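Undergrad: Sharing a structure, written as structure tokens. Questions coming.
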Amino acid sequence: MDSTTRYAANATDPPESDTASMSDLLRNFTVPEKIDECYCSKCKDHTASLRTHRIRKLPNILIASFKRMESNGRSARKKDMHVDFPLDGLDLSSISLPYKPEEAGSMAGGPVSPLYDLFGVVHHYGRMGYGHYTSCCRSWTGGEPGAQGEMDEEWWSFDDGAVEKVKDADEIVNKHAYMLFYRRKVFT
């Protein structure tokens with residue numbers, strides 16, 4: 001499997017409020033889901049079962065997209081819920097399977113770091129069917145392509161041809177965030 005993996009964080013199902021945290025969304029991603037009719041190859045019968053999502057191997061680059069568009073068959077709308085997400089130190093230990101030394105992905109035999117730093121955000125301004133996309137990014141320097149390097153502290157805003165230094169974290173973390181790009185603190 002590629003070291004870049006995409007997981008969807010569902011911004012539809014958290015408690016009905018104007019705001020949610022990334023922790024809420026990650027917890028929601030791993031809530032067991034009841035499946036009424038599932039065929040069991042062991043007992044050779046259809047039975048109710050539970051499905052649970054967990055990440056088996058944490059990627060070096062994590063891309064999370066929020067489910068912002070909602071349709072009920074007759075109409076569609078954009079959900080503008082504010083999601084509070086960390087710029088540094090996103091911890092995925094609660095949604096990943098326990099570390100197993102016999103599996104690939106360890107650093108010198110030690111445990112795999114579940115911590116991630118944000119390096120990019122795509123924002124969508126507008127409504128369903130029309131709008132405008134912008135992004136905020138920071139880079140990391142040093143090392144060969146694909147190597148870890150060091151993360152810059154400065155953030156930049158990209159809006160069509162305009163590139164400006166970000167002055168406030170609210171330009172990055174706001175209700176228009178649509179996709180998040182995280183980098184693992186320690187690459188494997």
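Order determines the names: the first chain of the structure tokens is A, the second B, and so forth; residues in each chain are numbered 1 upward, and ligands are numbered 1 upward as they are shown.
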Excluding Glu154 (chain A) and any residue of its chain fewer than 2 positions from it, enumerate the residues within 7 Å of it, using only C-alpha atoms, and give them as a ChimeraX atom specification.
TA: /A:138,152,156
Undergrad: So which residues touch Val83 (chain A) within 10 Å, counting only C-alpha atoms, skipping near sequence neighbours fewer than 5 positions away, as a list in words?
TA: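 Non-adjacent residues within range: Ala11, Asp18, Thr19, Ala20, Ser21, Met22, Ser23, Asp24, Leu25, Phe66, Val173, Asn174, Lys175, His176, Ala177 and Tyr178 of chain A.
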Undergrad: Please write the residues from the selection above to a file, keeping all heavy atoms, as a short mmCIF file (atom, residue, chain, number, x, y, z; two decimals), in the first residue's frame.
TA:
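Final file, selection16.cif:
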data_model
loop_
_atom_site.label_atom_id
_atom_site.label_comp_id
_atom_site.auth_asym_id
_atom_site.auth_seq_id
_atom_site.Cartn_x
_atom_site.Cartn_y
_atom_site.Cartn_z
N ALA A 11 -18.63 14.67 8.29
CA ALA A 11 -19.09 15.87 9.00
C ALA A 11 -20.61 15.93 9.05
O ALA A 11 -21.17 16.95 9.37
CB ALA A 11 -18.55 17.11 8.30
N ASP A 18 -23.40 23.66 15.71
CA ASP A 18 -22.71 24.49 14.74
C ASP A 18 -21.22 24.21 14.70
O ASP A 18 -20.51 24.76 13.87
CB ASP A 18 -22.93 25.97 15.05
CG ASP A 18 -24.39 26.37 14.86
OD1 ASP A 18 -25.09 25.68 14.12
OD2 ASP A 18 -24.79 27.37 15.47
N THR A 19 -20.73 23.38 15.61
CA THR A 19 -19.30 23.12 15.68
C THR A 19 -19.03 21.69 16.12
O THR A 19 -19.84 21.07 16.79
CB THR A 19 -18.62 24.13 16.65
OG1 THR A 19 -17.22 23.92 16.62
CG2 THR A 19 -19.13 23.99 18.05
N ALA A 20 -17.89 21.18 15.70
CA ALA A 20 -17.42 19.85 16.11
C ALA A 20 -15.90 19.90 16.14
O ALA A 20 -15.29 20.74 15.50
CB ALA A 20 -17.89 18.79 15.12
N SER A 21 -15.32 19.00 16.86
CA SER A 21 -13.86 18.92 16.89
C SER A 21 -13.41 17.76 16.01
O SER A 21 -14.19 16.85 15.71
CB SER A 21 -13.36 18.71 18.32
OG SER A 21 -13.68 17.40 18.75
N MET A 22 -12.16 17.80 15.60
CA MET A 22 -11.60 16.69 14.83
C MET A 22 -11.70 15.41 15.65
O MET A 22 -11.97 14.35 15.10
CB MET A 22 -10.15 17.00 14.45
CG MET A 22 -9.57 16.05 13.47
SD MET A 22 -10.36 16.25 11.86
CE MET A 22 -9.26 15.27 10.87
N SER A 23 -11.55 15.51 16.96
CA SER A 23 -11.70 14.33 17.83
C SER A 23 -13.10 13.75 17.73
O SER A 23 -13.27 12.53 17.70
CB SER A 23 -11.40 14.70 19.29
OG SER A 23 -10.08 15.12 19.43
N ASP A 24 -14.13 14.62 17.67
CA ASP A 24 -15.51 14.14 17.50
C ASP A 24 -15.66 13.36 16.21
O ASP A 24 -16.28 12.29 16.18
CB ASP A 24 -16.51 15.32 17.45
CG ASP A 24 -16.62 16.09 18.75
OD1 ASP A 24 -16.31 15.51 19.82
OD2 ASP A 24 -17.01 17.27 18.69
N LEU A 25 -15.11 13.89 15.13
CA LEU A 25 -15.23 13.25 13.82
C LEU A 25 -14.48 11.92 13.79
O LEU A 25 -14.97 10.94 13.23
CB LEU A 25 -14.73 14.16 12.71
CG LEU A 25 -15.48 15.48 12.54
CD1 LEU A 25 -14.89 16.28 11.40
CD2 LEU A 25 -16.96 15.26 12.34
N PHE A 66 -13.90 16.40 4.45
CA PHE A 66 -15.15 16.48 5.20
C PHE A 66 -16.33 16.33 4.24
O PHE A 66 -16.34 16.93 3.17
CB PHE A 66 -15.26 17.81 5.94
CG PHE A 66 -14.18 18.02 6.96
CD1 PHE A 66 -13.48 19.20 7.01
CD2 PHE A 66 -13.86 17.03 7.87
CE1 PHE A 66 -12.49 19.42 7.94
CE2 PHE A 66 -12.86 17.21 8.80
CZ PHE A 66 -12.18 18.41 8.85
N VAL A 173 -8.11 27.58 10.20
CA VAL A 173 -9.13 26.78 10.89
C VAL A 173 -10.43 27.57 10.92
O VAL A 173 -10.58 28.49 11.72
CB VAL A 173 -8.69 26.42 12.33
CG1 VAL A 173 -9.74 25.55 13.00
CG2 VAL A 173 -7.34 25.74 12.33
N ASN A 174 -11.34 27.24 10.01
CA ASN A 174 -12.63 27.93 9.96
C ASN A 174 -13.69 27.01 9.36
O ASN A 174 -13.39 25.88 8.95
CB ASN A 174 -12.53 29.26 9.20
CG ASN A 174 -12.09 29.08 7.77
OD1 ASN A 174 -12.58 28.21 7.05
ND2 ASN A 174 -11.14 29.90 7.34
N LYS A 175 -14.93 27.48 9.31
CA LYS A 175 -16.05 26.64 8.86
C LYS A 175 -16.01 26.32 7.37
O LYS A 175 -16.81 25.53 6.90
CB LYS A 175 -17.39 27.29 9.22
CG LYS A 175 -17.73 28.51 8.40
CD LYS A 175 -19.10 29.03 8.77
CE LYS A 175 -19.53 30.15 7.86
NZ LYS A 175 -20.90 30.55 8.10
N HIS A 176 -15.08 26.88 6.63
CA HIS A 176 -14.98 26.62 5.20
C HIS A 176 -13.99 25.51 4.85
O HIS A 176 -13.85 25.15 3.69
CB HIS A 176 -14.61 27.91 4.46
CG HIS A 176 -15.56 29.03 4.73
ND1 HIS A 176 -16.84 29.06 4.23
CD2 HIS A 176 -15.44 30.14 5.50
CE1 HIS A 176 -17.46 30.14 4.65
NE2 HIS A 176 -16.64 30.81 5.42
N ALA A 177 -13.30 24.97 5.88
CA ALA A 177 -12.32 23.89 5.64
C ALA A 177 -13.03 22.70 5.00
O ALA A 177 -14.08 22.26 5.47
CB ALA A 177 -11.65 23.49 6.93
N TYR A 178 -12.45 22.19 3.93
CA TYR A 178 -13.05 21.11 3.15
C TYR A 178 -12.15 19.88 3.10
O TYR A 178 -12.61 18.76 3.18
CB TYR A 178 -13.33 21.64 1.74
CG TYR A 178 -14.10 20.73 0.84
CD1 TYR A 178 -15.42 20.38 1.13
CD2 TYR A 178 -13.53 20.23 -0.31
CE1 TYR A 178 -16.13 19.54 0.30
CE2 TYR A 178 -14.25 19.40 -1.16
CZ TYR A 178 -15.54 19.06 -0.85
OH TYR A 178 -16.24 18.22 -1.67
#
Undergrad: Can you check which residues of region 9-126 of chain A DSSP gives as strand (DSSP E) on the backbone and send them as a ChimeraX atom specification?
TA: /A:9,19-21,33-40,45-51,61-66,69-71,76-78,82-84,90-91,115-126
Undergrad: For Val121 (chain A), work out the shell of residues within 9 Å, counting only C-alpha atoms and skipping chain neighbours fewer than 2 positions away, then give it as a PDB file with all heavy atoms, in the first residue's frame.
TA:
ATOM      1  N   LEU A 118      -0.396  19.434  10.497  1.00  0.00           N
ATOM      2  CA  LEU A 118      -1.102  19.924   9.321  1.00  0.00           C
ATOM      3  C   LEU A 118      -0.149  20.706   8.424  1.00  0.00           C
ATOM      4  O   LEU A 118       0.645  21.508   8.913  1.00  0.00           O
ATOM      5  CB  LEU A 118      -2.249  20.834   9.769  1.00  0.00           C
ATOM      6  CG  LEU A 118      -3.235  21.289   8.709  1.00  0.00           C
ATOM      7  CD1 LEU A 118      -4.117  20.128   8.264  1.00  0.00           C
ATOM      8  CD2 LEU A 118      -4.102  22.417   9.259  1.00  0.00           C
ATOM      9  N   PHE A 119      -0.222  20.465   7.106  1.00  0.00           N
ATOM     10  CA  PHE A 119       0.590  21.282   6.196  1.00  0.00           C
ATOM     11  C   PHE A 119      -0.243  21.895   5.079  1.00  0.00           C
ATOM     12  O   PHE A 119       0.264  22.714   4.323  1.00  0.00           O
ATOM     13  CB  PHE A 119       1.785  20.501   5.617  1.00  0.00           C
ATOM     14  CG  PHE A 119       1.431  19.404   4.645  1.00  0.00           C
ATOM     15  CD1 PHE A 119       1.341  19.665   3.292  1.00  0.00           C
ATOM     16  CD2 PHE A 119       1.224  18.112   5.088  1.00  0.00           C
ATOM     17  CE1 PHE A 119       1.037  18.657   2.394  1.00  0.00           C
ATOM     18  CE2 PHE A 119       0.925  17.096   4.204  1.00  0.00           C
ATOM     19  CZ  PHE A 119       0.827  17.361   2.851  1.00  0.00           C
ATOM     20  N   HIS A 123     -10.126  25.243   1.335  1.00  0.00           N
ATOM     21  CA  HIS A 123     -11.373  25.857   1.800  1.00  0.00           C
ATOM     22  C   HIS A 123     -12.335  25.989   0.619  1.00  0.00           C
ATOM     23  O   HIS A 123     -11.906  26.251  -0.498  1.00  0.00           O
ATOM     24  CB  HIS A 123     -11.114  27.262   2.368  1.00  0.00           C
ATOM     25  CG  HIS A 123     -10.236  27.264   3.565  1.00  0.00           C
ATOM     26  ND1 HIS A 123      -8.898  27.575   3.501  1.00  0.00           N
ATOM     27  CD2 HIS A 123     -10.485  26.987   4.858  1.00  0.00           C
ATOM     28  CE1 HIS A 123      -8.377  27.496   4.709  1.00  0.00           C
ATOM     29  NE2 HIS A 123      -9.318  27.142   5.554  1.00  0.00           N
ATOM     30  N   THR A 134      -9.994  28.023  -2.112  1.00  0.00           N
ATOM     31  CA  THR A 134      -8.709  28.622  -1.766  1.00  0.00           C
ATOM     32  C   THR A 134      -7.944  27.587  -0.946  1.00  0.00           C
ATOM     33  O   THR A 134      -8.493  26.558  -0.552  1.00  0.00           O
ATOM     34  CB  THR A 134      -8.871  29.911  -0.940  1.00  0.00           C
ATOM     35  OG1 THR A 134      -9.448  29.578   0.328  1.00  0.00           O
ATOM     36  CG2 THR A 134      -9.727  30.934  -1.660  1.00  0.00           C
ATOM     37  N   SER A 135      -6.681  27.875  -0.666  1.00  0.00           N
ATOM     38  CA  SER A 135      -5.919  26.966   0.186  1.00  0.00           C
ATOM     39  C   SER A 135      -4.946  27.732   1.064  1.00  0.00           C
ATOM     40  O   SER A 135      -4.580  28.870   0.769  1.00  0.00           O
ATOM     41  CB  SER A 135      -5.166  25.938  -0.657  1.00  0.00           C
ATOM     42  OG  SER A 135      -4.191  26.572  -1.450  1.00  0.00           O
ATOM     43  N   CYS A 136      -4.565  27.108   2.148  1.00  0.00           N
ATOM     44  CA  CYS A 136      -3.515  27.590   3.028  1.00  0.00           C
ATOM     45  C   CYS A 136      -2.525  26.445   3.183  1.00  0.00           C
ATOM     46  O   CYS A 136      -2.927  25.303   3.393  1.00  0.00           O
ATOM     47  CB  CYS A 136      -4.059  27.968   4.406  1.00  0.00           C
ATOM     48  SG  CYS A 136      -5.108  29.428   4.404  1.00  0.00           S
ATOM     49  N   CYS A 137      -1.237  26.757   3.047  1.00  0.00           N
ATOM     50  CA  CYS A 137      -0.214  25.713   3.088  1.00  0.00           C
ATOM     51  C   CYS A 137       1.033  26.201   3.797  1.00  0.00           C
ATOM     52  O   CYS A 137       1.310  27.383   3.857  1.00  0.00           O
ATOM     53  CB  CYS A 137       0.198  25.299   1.670  1.00  0.00           C
ATOM     54  SG  CYS A 137      -1.147  24.731   0.645  1.00  0.00           S
ATOM     55  N   ILE A 172      -6.946  29.697   8.644  1.00  0.00           N
ATOM     56  CA  ILE A 172      -6.691  28.284   8.364  1.00  0.00           C
ATOM     57  C   ILE A 172      -7.820  27.422   8.915  1.00  0.00           C
ATOM     58  O   ILE A 172      -8.416  26.627   8.199  1.00  0.00           O
ATOM     59  CB  ILE A 172      -5.340  27.849   8.982  1.00  0.00           C
ATOM     60  CG1 ILE A 172      -4.207  28.725   8.459  1.00  0.00           C
ATOM     61  CG2 ILE A 172      -5.077  26.368   8.714  1.00  0.00           C
ATOM     62  CD1 ILE A 172      -2.925  28.623   9.262  1.00  0.00           C
ATOM     63  N   VAL A 173      -8.111  27.576  10.202  1.00  0.00           N
ATOM     64  CA  VAL A 173      -9.133  26.778  10.888  1.00  0.00           C
ATOM     65  C   VAL A 173     -10.429  27.575  10.916  1.00  0.00           C
ATOM     66  O   VAL A 173     -10.583  28.489  11.722  1.00  0.00           O
ATOM     67  CB  VAL A 173      -8.693  26.422  12.328  1.00  0.00           C
ATOM     68  CG1 VAL A 173      -9.740  25.553  13.005  1.00  0.00           C
ATOM     69  CG2 VAL A 173      -7.335  25.738  12.325  1.00  0.00           C
ATOM     70  N   ALA A 177     -13.297  24.971   5.878  1.00  0.00           N
ATOM     71  CA  ALA A 177     -12.323  23.894   5.635  1.00  0.00           C
ATOM     72  C   ALA A 177     -13.027  22.699   4.999  1.00  0.00           C
ATOM     73  O   ALA A 177     -14.076  22.265   5.470  1.00  0.00           O
ATOM     74  CB  ALA A 177     -11.646  23.491   6.934  1.00  0.00           C
ATOM     75  N   TYR A 178     -12.451  22.191   3.931  1.00  0.00           N
ATOM     76  CA  TYR A 178     -13.054  21.111   3.148  1.00  0.00           C
ATOM     77  C   TYR A 178     -12.149  19.878   3.098  1.00  0.00           C
ATOM     78  O   TYR A 178     -12.615  18.757   3.181  1.00  0.00           O
ATOM     79  CB  TYR A 178     -13.329  21.641   1.744  1.00  0.00           C
ATOM     80  CG  TYR A 178     -14.101  20.731   0.840  1.00  0.00           C
ATOM     81  CD1 TYR A 178     -15.419  20.382   1.135  1.00  0.00           C
ATOM     82  CD2 TYR A 178     -13.534  20.234  -0.315  1.00  0.00           C
ATOM     83  CE1 TYR A 178     -16.132  19.542   0.300  1.00  0.00           C
ATOM     84  CE2 TYR A 178     -14.247  19.398  -1.162  1.00  0.00           C
ATOM     85  CZ  TYR A 178     -15.541  19.060  -0.847  1.00  0.00           C
ATOM     86  OH  TYR A 178     -16.241  18.225  -1.667  1.00  0.00           O
ATOM     87  N   MET A 179     -10.847  20.099   2.958  1.00  0.00           N
ATOM     88  CA  MET A 179      -9.875  19.007   2.950  1.00  0.00           C
ATOM     89  C   MET A 179      -8.667  19.405   3.787  1.00  0.00           C
ATOM     90  O   MET A 179      -8.240  20.557   3.756  1.00  0.00           O
ATOM     91  CB  MET A 179      -9.411  18.690   1.522  1.00  0.00           C
ATOM     92  CG  MET A 179     -10.483  18.111   0.649  1.00  0.00           C
ATOM     93  SD  MET A 179      -9.849  17.735  -1.012  1.00  0.00           S
ATOM     94  CE  MET A 179      -8.879  16.278  -0.651  1.00  0.00           C
ATOM     95  N   LEU A 180      -8.139  18.419   4.531  1.00  0.00           N
ATOM     96  CA  LEU A 180      -6.965  18.647   5.368  1.00  0.00           C
ATOM     97  C   LEU A 180      -5.843  17.717   4.922  1.00  0.00           C
ATOM     98  O   LEU A 180      -6.083  16.558   4.601  1.00  0.00           O
ATOM     99  CB  LEU A 180      -7.288  18.354   6.834  1.00  0.00           C
ATOM    100  CG  LEU A 180      -8.497  19.054   7.443  1.00  0.00           C
ATOM    101  CD1 LEU A 180      -8.685  18.615   8.892  1.00  0.00           C
ATOM    102  CD2 LEU A 180      -8.361  20.558   7.353  1.00  0.00           C
ATOM    103  N   PHE A 181      -4.622  18.234   4.936  1.00  0.00           N
ATOM    104  CA  PHE A 181      -3.441  17.459   4.549  1.00  0.00           C
ATOM    105  C   PHE A 181      -2.484  17.436   5.737  1.00  0.00           C
ATOM    106  O   PHE A 181      -1.946  18.474   6.119  1.00  0.00           O
ATOM    107  CB  PHE A 181      -2.764  18.091   3.326  1.00  0.00           C
ATOM    108  CG  PHE A 181      -3.650  18.096   2.116  1.00  0.00           C
ATOM    109  CD1 PHE A 181      -4.608  19.090   1.944  1.00  0.00           C
ATOM    110  CD2 PHE A 181      -3.530  17.113   1.154  1.00  0.00           C
ATOM    111  CE1 PHE A 181      -5.431  19.091   0.824  1.00  0.00           C
ATOM    112  CE2 PHE A 181      -4.343  17.112   0.031  1.00  0.00           C
ATOM    113  CZ  PHE A 181      -5.298  18.096  -0.135  1.00  0.00           C
TER     114      PHE A 181
END
Undergrad: Excluding Ala48 (chain A) and its own-chain neighbours fewer than 5 positions away, which residues fall within 10 Å of it when counting only C-alpha atoms? Please give them as a list in words.
TA: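 Skipping anything fewer than 5 positions along the chain leaves Lys34, Ile35, Asp36, Glu37, Cys38, Tyr39 and Cys40 of chain A.
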Undergrad: Keeping all heavy atoms for every residue in the selection just given, could you write it to a file as a short mmCIF file (atom, residue, chain, number, x, y, z; two decimals), in the first residue's frame?
TA:
data_model
loop_
_atom_site.label_atom_id
_atom_site.label_comp_id
_atom_site.auth_asym_id
_atom_site.auth_seq_id
_atom_site.Cartn_x
_atom_site.Cartn_y
_atom_site.Cartn_z
N LYS A 34 -24.21 -1.18 13.12
CA LYS A 34 -24.96 -2.42 13.04
C LYS A 34 -25.37 -2.68 11.59
O LYS A 34 -25.91 -1.81 10.92
CB LYS A 34 -26.20 -2.36 13.93
CG LYS A 34 -26.96 -3.66 13.96
CD LYS A 34 -28.16 -3.58 14.87
CE LYS A 34 -28.90 -4.90 14.82
NZ LYS A 34 -30.15 -4.85 15.57
N ILE A 35 -25.10 -3.88 11.14
CA ILE A 35 -25.51 -4.32 9.81
C ILE A 35 -26.52 -5.44 10.03
O ILE A 35 -26.19 -6.48 10.62
CB ILE A 35 -24.30 -4.82 8.99
CG1 ILE A 35 -23.27 -3.70 8.85
CG2 ILE A 35 -24.77 -5.33 7.62
CD1 ILE A 35 -21.99 -4.14 8.22
N ASP A 36 -27.76 -5.25 9.56
CA ASP A 36 -28.84 -6.21 9.83
C ASP A 36 -28.65 -7.54 9.11
O ASP A 36 -28.76 -8.59 9.71
CB ASP A 36 -30.20 -5.61 9.47
CG ASP A 36 -30.57 -4.48 10.42
OD1 ASP A 36 -30.22 -4.58 11.61
OD2 ASP A 36 -31.18 -3.52 9.96
N GLU A 37 -28.43 -7.51 7.85
CA GLU A 37 -28.33 -8.74 7.06
C GLU A 37 -26.93 -8.90 6.49
O GLU A 37 -26.59 -8.32 5.48
CB GLU A 37 -29.35 -8.73 5.92
CG GLU A 37 -30.78 -8.92 6.36
CD GLU A 37 -31.03 -10.32 6.92
OE1 GLU A 37 -30.52 -11.31 6.35
OE2 GLU A 37 -31.76 -10.42 7.92
N CYS A 38 -26.14 -9.70 7.16
CA CYS A 38 -24.77 -9.95 6.71
C CYS A 38 -24.56 -11.46 6.67
O CYS A 38 -24.94 -12.17 7.60
CB CYS A 38 -23.79 -9.30 7.68
SG CYS A 38 -22.08 -9.48 7.20
N TYR A 39 -23.99 -11.97 5.58
CA TYR A 39 -23.75 -13.40 5.47
C TYR A 39 -22.48 -13.78 6.20
O TYR A 39 -21.42 -13.21 5.97
CB TYR A 39 -23.64 -13.83 4.00
CG TYR A 39 -23.43 -15.31 3.83
CD1 TYR A 39 -24.47 -16.20 4.03
CD2 TYR A 39 -22.17 -15.81 3.51
CE1 TYR A 39 -24.29 -17.56 3.89
CE2 TYR A 39 -21.97 -17.17 3.37
CZ TYR A 39 -23.03 -18.04 3.56
OH TYR A 39 -22.84 -19.39 3.43
N CYS A 40 -22.58 -14.74 7.09
CA CYS A 40 -21.44 -15.23 7.85
C CYS A 40 -20.95 -16.52 7.21
O CYS A 40 -21.68 -17.53 7.20
CB CYS A 40 -21.82 -15.47 9.31
SG CYS A 40 -20.48 -16.18 10.29
#
Undergrad: Quick one: of A:Ala162, A:Ser96, A:Thr30, A:Glu171, who's nearest to Val122 (chain A), counting only C-alpha atoms?
TA: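 For Val122 (chain A), the nearest of the given residues is A:Glu171.
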Undergrad: So that I can see what lies close to Val186 (chain A), please list as a VMD selection string the residues with an atom at most 10 Å from it, counting only C-alpha atoms and leaving out residues fewer than 3 positions away in the same chain.
TA: chain A and resid 60 107 112 to 116 148 to 149 183
Undergrad: With N, CA, C and O atoms kept, could you save the residues just selected as a CSV table (one decimal), in the first residue's frame?
TA:
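Result written to selection.csv:
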chain,number,residue,atom,x,y,z
A,60,ASN,N,2.2,8.0,6.1
A,60,ASN,CA,3.1,9.2,6.3
A,60,ASN,C,2.3,10.5,6.0
A,60,ASN,O,2.5,11.5,6.7
A,107,MET,N,10.0,2.4,13.3
A,107,MET,CA,11.3,3.1,13.2
A,107,MET,C,12.3,2.4,14.2
A,107,MET,O,12.1,2.5,15.4
A,112,VAL,N,5.3,3.1,16.3
A,112,VAL,CA,5.1,4.0,15.2
A,112,VAL,C,4.4,5.2,15.8
A,112,VAL,O,3.4,5.1,16.6
A,113,SER,N,4.8,6.4,15.5
A,113,SER,CA,4.2,7.7,16.0
A,113,SER,C,2.9,7.9,15.4
A,113,SER,O,2.7,7.9,14.1
A,114,PRO,N,1.8,8.1,16.2
A,114,PRO,CA,0.5,8.4,15.7
A,114,PRO,C,0.2,9.9,15.6
A,114,PRO,O,-0.9,10.3,15.4
A,115,LEU,N,1.3,10.7,15.7
A,115,LEU,CA,1.1,12.2,15.7
A,115,LEU,C,1.3,12.8,14.3
A,115,LEU,O,2.3,12.4,13.7
A,116,TYR,N,0.5,13.8,14.0
A,116,TYR,CA,0.5,14.4,12.7
A,116,TYR,C,0.5,15.9,12.8
A,116,TYR,O,-0.2,16.4,13.7
A,148,GLN,N,11.5,13.1,5.2
A,148,GLN,CA,10.8,13.9,6.2
A,148,GLN,C,11.1,15.4,6.2
A,148,GLN,O,10.2,16.2,6.0
A,149,GLY,N,12.3,15.8,6.4
A,149,GLY,CA,12.7,17.2,6.4
A,149,GLY,C,12.1,17.9,7.6
A,149,GLY,O,11.5,17.3,8.5
A,183,ARG,N,0.9,15.5,7.8
A,183,ARG,CA,2.1,14.8,7.7
A,183,ARG,C,2.5,14.2,9.0
A,183,ARG,O,2.4,14.9,10.0
Undergrad: Among the residues of chain A, find those DSSP assigns to helix (DSSP H, G or I) from the backbone and print them as a list in words.
TA: Met22, Ser23, Asp24, Leu25, Leu26, Arg27, Asn28, Phe29, Ser93, Ser94, Ile95, Ala169, Asp170 and Glu171 of chain A
Undergrad: Tell me which of A:Met81, A:Leu92, A:Met151, A:Val163 sits closest to Leu62 (chain A), counting only C-alpha atoms.
TA: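 Going through A:Met81, A:Leu92, A:Met151, A:Val163 one by one, the smallest distance to Leu62 (chain A) is for A:Leu92.
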Undergrad: Quick one: distance from CA of Ser139 (chain A) to CA of Tyr182 (chain A) in Å, one decimal?
TA: 11.4 Å
